[in-house]
Amino acid sequence: MKVDVLLGLQWGDEGKGKIVDYLTPKYDIIARFQGGPNAGHTLEIKEIQHILHTIPSGIFHPGKINLIGNGVVIDPIVLHREIRSVEKLGVDMKSTLLISKKAHLILPTHRILDAASEAQKGDTKIGSTLKGIGPTYMDKTGRNGLRVGDILLPGFREKYHFLVKKHRELLKLYDFSYKLKEYEEGWFEGIEAIRSFHPIDTEHYINQALKENRSVLAEGAQGTLLDIDFGSYPYVTSSNTICAGACIGLGIAPNRIGEVMGIFKAYCTRVGSGPFPTELDNSTGEMLREAGHEFGSTTGRPRRCGWLDLVALKYSIMLNGVTRLIMTKADVLNRFDTIRVCTAYRHNGKETFSLPFDLGDNVQPVYRDFKGWMTDTSGYTSFSELPREMSEYVRFIEEETGVPVKMISVGPERDQTIYR
């Protein structure tokens, strides 16, 4: 049995939560492999919106195992709050949620360090979500971090206070005031909640499950263009968001990867700072934002909006080995009489079809225009129903990328999904 991977191909916010929820009935196990509470996967079920930050998006399906892998960083406060919120809806999580012992913990001082560092950068800030993600991954790679498994061992409190002392010394470098005790009480309550789930060695669990021919869907967070190595550095997240990250974040071999499903919006968005070649800082961009309700599910910040960027999309497809494409928010384009697609860049006076090292001001998009469909598509259930202009738009993307578009989302609900 292989592990199928589902991940974002843009700057995050592509609609992964809804699609994972839609696909969950086909799988036995849904496994998050990287990121932390900076992710916000939004699901809309029976007109009720749920936002998950750490728990995998298959949690609302009875009997499905939801696994938080070793590549995830966990804030006990956020996870505890999320557990209580989901349990209030009658979901039995004690039998369906598994937590890796090797996942690293976000300490209250990680969040404070994140905020202090971002405040010091001023106009050069990267747009951090201020969730402590960066400092936690820094401690992980610096071999100073605390892992979930540590909470089960004697001396955990001593390890915690030792790391906090180190963080306090670092905070002396900043002109930043903070109150640690406000965070700590809730943090230790969250630790007890995690302990009650009896964390396990999830790498053994998932590999045994594959031997037993149980099906697994690996759920990515953020998007390919935010990858620490291949994204628009330094305006990126602190983990590997690409398909290879699933191997590291779950403990599976590369030859265990099956289908790679890449999700992209029918247009582009980005939260925070960083280059964005097709950004529309005008009334058209505002129209996209309004139609798509483009505000960060984690931060609430308005998302920057722009036309679909095929240069960046093809780059993401290459890095991930995408075998199937999923287009979301196609319905947002219903009201546009002309739709533009970036097919190339003009870079240093020359036209290029490759993503350059620097995506700064010297990159200008080259567009191809399409006639809009100006039709409400939110009730459509099959590809044959789509307006001719919309089906042409989809087929153009398929021809350009060489990958079939297998699913099209035309609304936030589960049943507003066209499967080809």
# chains A, B, ... in the order shown; residues from 1 in each chain; ligands from 1
>>> select_by_dssp(residues="segment 205-289 of chain A", states="strand (DSSP E)", output="list in words")
Val216, Leu217, Ala218, Glu219, Ile257, Gly258, Glu259, Val260, Met261, Gly262, Ile263, Phe264, Lys265, Cys268, Thr269 and Arg270 of chain A
>>> write_last_selection(atoms="N, CA and C atoms", output="short mmCIF file (atom, residue, chain, number, x, y, z; two decimals), in the first residue's frame")
data_model
loop_
_atom_site.label_atom_id
_atom_site.label_comp_id
_atom_site.auth_asym_id
_atom_site.auth_seq_id
_atom_site.Cartn_x
_atom_site.Cartn_y
_atom_site.Cartn_z
N VAL A 216 -3.62 5.49 3.51
CA VAL A 216 -3.15 6.68 4.24
C VAL A 216 -3.15 7.88 3.31
N LEU A 217 -3.68 8.99 3.80
CA LEU A 217 -3.59 10.28 3.11
C LEU A 217 -2.75 11.22 3.96
N ALA A 218 -1.63 11.68 3.41
CA ALA A 218 -0.76 12.63 4.11
C ALA A 218 -1.22 14.04 3.78
N GLU A 219 -1.51 14.81 4.81
CA GLU A 219 -2.05 16.17 4.66
C GLU A 219 -0.96 17.20 4.92
N ILE A 257 5.45 6.56 -1.46
CA ILE A 257 4.57 7.62 -1.95
C ILE A 257 3.79 7.14 -3.17
N GLY A 258 2.49 7.36 -3.16
CA GLY A 258 1.63 6.98 -4.28
C GLY A 258 1.21 8.19 -5.09
N GLU A 259 -0.07 8.49 -5.10
CA GLU A 259 -0.57 9.67 -5.81
C GLU A 259 -0.14 10.94 -5.06
N VAL A 260 0.18 11.97 -5.84
CA VAL A 260 0.48 13.29 -5.26
C VAL A 260 -0.55 14.27 -5.81
N MET A 261 -1.44 14.69 -4.93
CA MET A 261 -2.53 15.59 -5.32
C MET A 261 -2.18 17.02 -4.93
N GLY A 262 -2.08 17.88 -5.94
CA GLY A 262 -1.72 19.27 -5.71
C GLY A 262 -2.94 20.17 -5.83
N ILE A 263 -3.15 20.99 -4.80
CA ILE A 263 -4.30 21.90 -4.77
C ILE A 263 -3.85 23.31 -5.14
N PHE A 264 -4.64 23.95 -5.99
CA PHE A 264 -4.38 25.36 -6.32
C PHE A 264 -5.70 26.09 -6.46
N LYS A 265 -5.69 27.36 -6.10
CA LYS A 265 -6.86 28.19 -6.34
C LYS A 265 -6.92 28.57 -7.81
N CYS A 268 -4.72 33.48 -7.36
CA CYS A 268 -3.65 33.38 -6.36
C CYS A 268 -3.92 34.29 -5.18
N THR A 269 -3.48 33.87 -4.00
CA THR A 269 -3.50 34.74 -2.83
C THR A 269 -2.22 34.55 -2.03
N ARG A 270 -1.94 35.52 -1.20
CA ARG A 270 -0.80 35.42 -0.30
C ARG A 270 -1.08 36.26 0.95
#
>>> select_by_dssp(residues="segment 221-362 of chain A", states="alpha helix (DSSP H)", output="compact mmCIF listing (two decimals) with C-alpha atoms, in the first residue's frame")
# COMPACT_ATOMS: atom_id res chain seq x y z
CA ALA A 244 9.48 15.13 0.25
CA GLY A 245 8.46 16.60 3.62
CA ALA A 246 5.88 13.83 3.98
CA CYS A 247 8.67 11.25 4.14
CA ILE A 248 10.55 13.17 6.83
CA GLY A 249 7.45 14.30 8.72
CA LEU A 250 5.90 10.84 8.98
CA SER A 283 -10.17 47.31 -7.51
CA THR A 284 -9.87 43.94 -9.30
CA GLY A 285 -7.79 42.55 -6.45
CA GLU A 286 -10.33 43.93 -3.98
CA MET A 287 -13.11 42.27 -5.97
CA LEU A 288 -11.29 38.92 -5.74
CA ARG A 289 -10.80 39.39 -2.01
CA GLU A 290 -14.48 40.20 -1.46
CA ALA A 291 -15.80 37.38 -3.66
CA GLY A 292 -13.42 34.81 -2.14
CA LEU A 310 1.28 29.27 -14.23
CA VAL A 311 5.04 29.80 -14.00
CA ALA A 312 4.90 29.30 -10.24
CA LEU A 313 2.31 26.53 -10.54
CA LYS A 314 4.44 24.50 -12.97
CA TYR A 315 7.44 24.97 -10.66
CA SER A 316 5.43 23.53 -7.75
CA ILE A 317 4.21 20.62 -9.88
CA MET A 318 7.82 19.81 -10.79
CA LEU A 319 9.06 19.88 -7.18
CA ASN A 320 6.26 17.67 -5.91
>>> atom_distance(atom1="atom CA of Leu163 of chain A", atom2="atom CA of Arg195 of chain A")
20.1 Å
>>> closest_residue(among="A:Arg340, A:Arg324, A:Lys329, A:Arg303", to="Arg420 of chain A", atoms="only C-alpha atoms")
A:Arg324
>>> atom_distance(atom1="atom CA of Pro302 of chain A", atom2="atom CA of Glu279 of chain A")
13.2 Å
>>> closest_atom_pairs(of="segment 106-213 of chain A", to="segment 82-97 of chain A", cutoff="9 Å", atoms="only C-alpha atoms", output="JSON lines")
{"residue": "A:Ala193", "atom": "CA", "partner": "A:Ile83", "partner_atom": "CA", "distance": 8.6}
{"residue": "A:Ser196", "atom": "CA", "partner": "A:Lys94", "partner_atom": "CA", "distance": 8.4}
{"residue": "A:Phe197", "atom": "CA", "partner": "A:Lys94", "partner_atom": "CA", "distance": 6.2}
>>> residues_around(residues="Val72 of chain A", least_positions_apart="4", cutoff="7 Å", atoms="only C-alpha atoms", output="ChimeraX atom specification")
/A:33-36,68,103-104
>>> write_last_selection(atoms="C-alpha atoms", output="mmCIF file, in the first residue's frame")
data_model
loop_
_atom_site.group_PDB
_atom_site.id
_atom_site.type_symbol
_atom_site.label_atom_id
_atom_site.label_comp_id
_atom_site.auth_asym_id
_atom_site.auth_seq_id
_atom_site.Cartn_x
_atom_site.Cartn_y
_atom_site.Cartn_z
ATOM 1 C CA PHE A 33 3.254 15.802 8.330
ATOM 2 C CA GLN A 34 4.564 19.355 8.934
ATOM 3 C CA GLY A 35 3.764 22.860 10.101
ATOM 4 C CA GLY A 36 1.947 23.901 13.228
ATOM 5 C CA ILE A 68 -0.218 14.208 14.030
ATOM 6 C CA ALA A 103 6.690 16.046 17.436
ATOM 7 C CA HIS A 104 8.280 19.155 18.940
#
>>> closest_residue(among="A:Leu171, A:Leu79, A:Leu308, A:Ile106", to="Leu280 of chain A", atoms="only C-alpha atoms")
A:Leu308
>>> residues_around(residues="Phe276 of chain A", least_positions_apart="4", cutoff="12 Å", atoms="only C-alpha atoms", output="NGL selection string")
:A and (10-11 or 225-226 or 231-232 or 235 or 268-272 or 280-281 or 303-309 or 311-312 or 342 or 345 or 355 or 358-365)
>>> write_last_selection(atoms="C-alpha atoms", output="short mmCIF file (atom, residue, chain, number, x, y, z; two decimals), in the first residue's frame")
data_model
loop_
_atom_site.label_atom_id
_atom_site.label_comp_id
_atom_site.auth_asym_id
_atom_site.auth_seq_id
_atom_site.Cartn_x
_atom_site.Cartn_y
_atom_site.Cartn_z
CA GLN A 10 0.75 28.17 -4.00
CA TRP A 11 1.35 30.35 -0.93
CA LEU A 225 5.91 28.44 -2.41
CA LEU A 226 6.39 28.78 1.36
CA GLY A 231 9.84 28.98 -1.48
CA SER A 232 10.25 32.75 -1.86
CA TYR A 235 9.37 35.09 3.22
CA CYS A 268 -3.65 33.38 -6.36
CA THR A 269 -3.50 34.74 -2.83
CA ARG A 270 -0.80 35.42 -0.30
CA VAL A 271 -0.81 36.48 3.37
CA GLY A 272 1.96 38.63 4.81
CA LEU A 280 -3.52 43.07 -8.06
CA ASP A 281 -3.27 46.06 -5.75
CA ARG A 303 -5.03 38.21 1.84
CA ARG A 304 -3.29 39.78 -1.11
CA CYS A 305 -5.00 38.65 -4.33
CA GLY A 306 -3.96 38.24 -7.95
CA TRP A 307 -4.40 36.21 -11.13
CA LEU A 308 -3.32 32.59 -11.52
CA ASP A 309 0.45 32.24 -12.00
CA VAL A 311 5.04 29.80 -14.00
CA ALA A 312 4.90 29.30 -10.24
CA CYS A 342 0.23 34.58 -16.15
CA TYR A 345 7.68 36.31 -16.68
CA LEU A 355 10.94 30.69 -11.63
CA ASP A 358 14.87 36.46 -7.06
CA LEU A 359 11.13 37.11 -7.43
CA GLY A 360 11.48 40.81 -6.66
CA ASP A 361 10.50 43.93 -8.59
CA ASN A 362 12.48 42.87 -11.68
CA VAL A 363 9.86 40.18 -12.45
CA GLN A 364 6.84 41.24 -14.51
CA PRO A 365 4.02 38.83 -15.44
#
>>> closest_residue(among="A:Trp373, A:Tyr419, A:Phe357, A:Phe295", to="Pro404 of chain A", atoms="only C-alpha atoms")
A:Tyr419
